[in-house]
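These notes are about the structure you will find just below.
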Amino acid sequence: MKPVTTQALLLFCFSLLLIHPTEAGSAEVATAGQPTANGNPFAAYPWFPLPDPATREQPDATLAGPPGSTPPPYTLFADINYDPSWWQRGASRRDPLLALKFIPLDQEGLIYVSFGGEVRERFESWQNENFGLVPFSARSTSYWLERIMLDMDLRLGPYLRVFVQGKSNSEEGRQGGPRPVDVDTIDLHQAFLDLSLPLGTDTSLTLRGGRQEIGYGIGRLIDPREGPNVRLSFDGAREMFRWRDWELDGFWLRPVPVDPYEFDESSNAQQFWGAYLAGPGGFKGTGLNLYYFGDFERSAAYFSGVDTETRHTFGGRYYGRAGNLDFDLEGAWQGGHFGARSINAFFGSSEIGYAFPQAFGTPHLALKTDIYSGNNAPPASGGQGQLGTFNPLFPSGIYISDPSPIGEQNIIALHPQLNWYPWSGVDITFTPIWYWRESTRDGLYNFAGAPLAAPVNGRRFAGTEIFAQAAYQFNEHLAFTVEYDHFFRGGFLSAQPGTRDSDFVAVWATFKF
């Protein structure tokens, strides 16, 4: 077992000794961490991770919680944690780390630099990872994961910005060695230049070029991959056009694969482009997203083969809240070509929730359903017929559960969820999940999208997963989380030779500044 590093231990102790715990109901703290002129975006949608209406960024780690609770001030995306007025308002909290967030380099304060970072120490333990189907999967393994990220945000007046973020990711003790998203020695995670052009009092255009993270909606299709040890970034260009409450993004990017011991470099082997429109939904408390994504992959792998793929995704999302009722609906259709075969795939997702603000701990119940299409052609079709397997592109990996033992291809998932907030800063989540194969002619895939369990029998039910998590936001910088996951195999997996039910335990602490 790997001891916690000295740097991480010092940072944790510094946070505990010098920074007071969060206080629910404090107006000063409750508005911290929301760098928008619209106030606190969590207040309108407190029950599940709806994004900020201006930035579309979801809350970090846990759900936002009931009214009066304190959301974590540091967002999932480090590059939006910089608003001088935000940090100046928080100076009265006597947080010495706030001095790093606004360092003026001229008398007017128009040129300034900000520094930030994250240290995450995570312990994981598996019994029968991948149900024993992958050759290198150990029956039992426990290991440490460490993530260290440091960033600098330089503002050169109101129009130019340079953001740089480095990373170091390590693993210790895992039988079979680290996974592809476990280790990335000192490397460059983000480095981009922004040119902002004001076009009016309520209109602006931002042009961004370089290495960057992206995320849209609540991460069903596009997310920086917070769960794994190494987060995801892209190389390329992006434009962000804002008009009143609307934003239109356009981008052309290449995902950056992890090279554990060399500099990470993207290539033309995979390319990603598209447009994303976000704005109000037409009724009070609602939002609308419309999007197109294009994806090219030189070697896409499914149970029907490996070939060059060009895929087009057209989708939309509608979400909101009315009283104690909230909802989130999203769906998409995919076309294109996989080798000589055409693509015809789809997905649909819904969340319907209800809050009980008068009950102890203000519980929130939600019913979530998801369907991701599978391939209906015979596995060995000789290049004939359509490919029906949905490609989830770059999902969060923790949308359904963490650590997502089954990927978002060829599944139907039903998962009611309970969130309970019994004390300030505490969020308890419990959800049972039932999985079926959408098509019995297609198998199951893992989180990375690789084939996992082949379609060797016609049984549809894959299994039942029980997921529980407890998170405590100790203060604005430090959060603790513990979770447990058990997967009971259904008929399809039980019929696969050598499979077993799986168990997973994770405990981690995250420090951000």
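Labels for the structure tokens follow display order: chains A, B, ..., residues from 1 in each chain, ligands from 1.
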Can you tell me which residues surround range 347-363 of chain A at a distance of at most 9 Å, considering only C-alpha atoms, apart from same-chain residues fewer than 2 positions away, and format the answer as an MDAnalysis selection string? chainID A and resid 47:48 65:67 220 323:334 345 365:373 390 392 417:423
From the DSSP assignment of the backbone, select every residue of range 201-427 of chain A that is strand (DSSP E or B), and format the answer as a PyMOL selection string. chain A and resi 203-212+222+234-243+246-255+270-280+286-302+305-322+325-338+341-343+345-355+364-372+387+394+411-420+426-427
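Of the listed residues (A:Ser170, A:Asn391, A:Asn268, A:Ser114), A:Ser114 comes nearest to Asp153 in chain A; the distances count only C-alpha atoms.
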Near-range 301-303 of chain A list (12 Å; only C-alpha atoms; drop same-chain fewer than 4 positions) as an MDAnalysis selection string: chainID A and resid 297 307:309 338:339 374:381 387:391 409:410 441:446 448:456
What is the CA of Met149 in chain A to CA of Gly166 in chain A distance in Å?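 Separation between CA of Met149 in chain A and CA of Gly166 in chain A: 5.6 Å.
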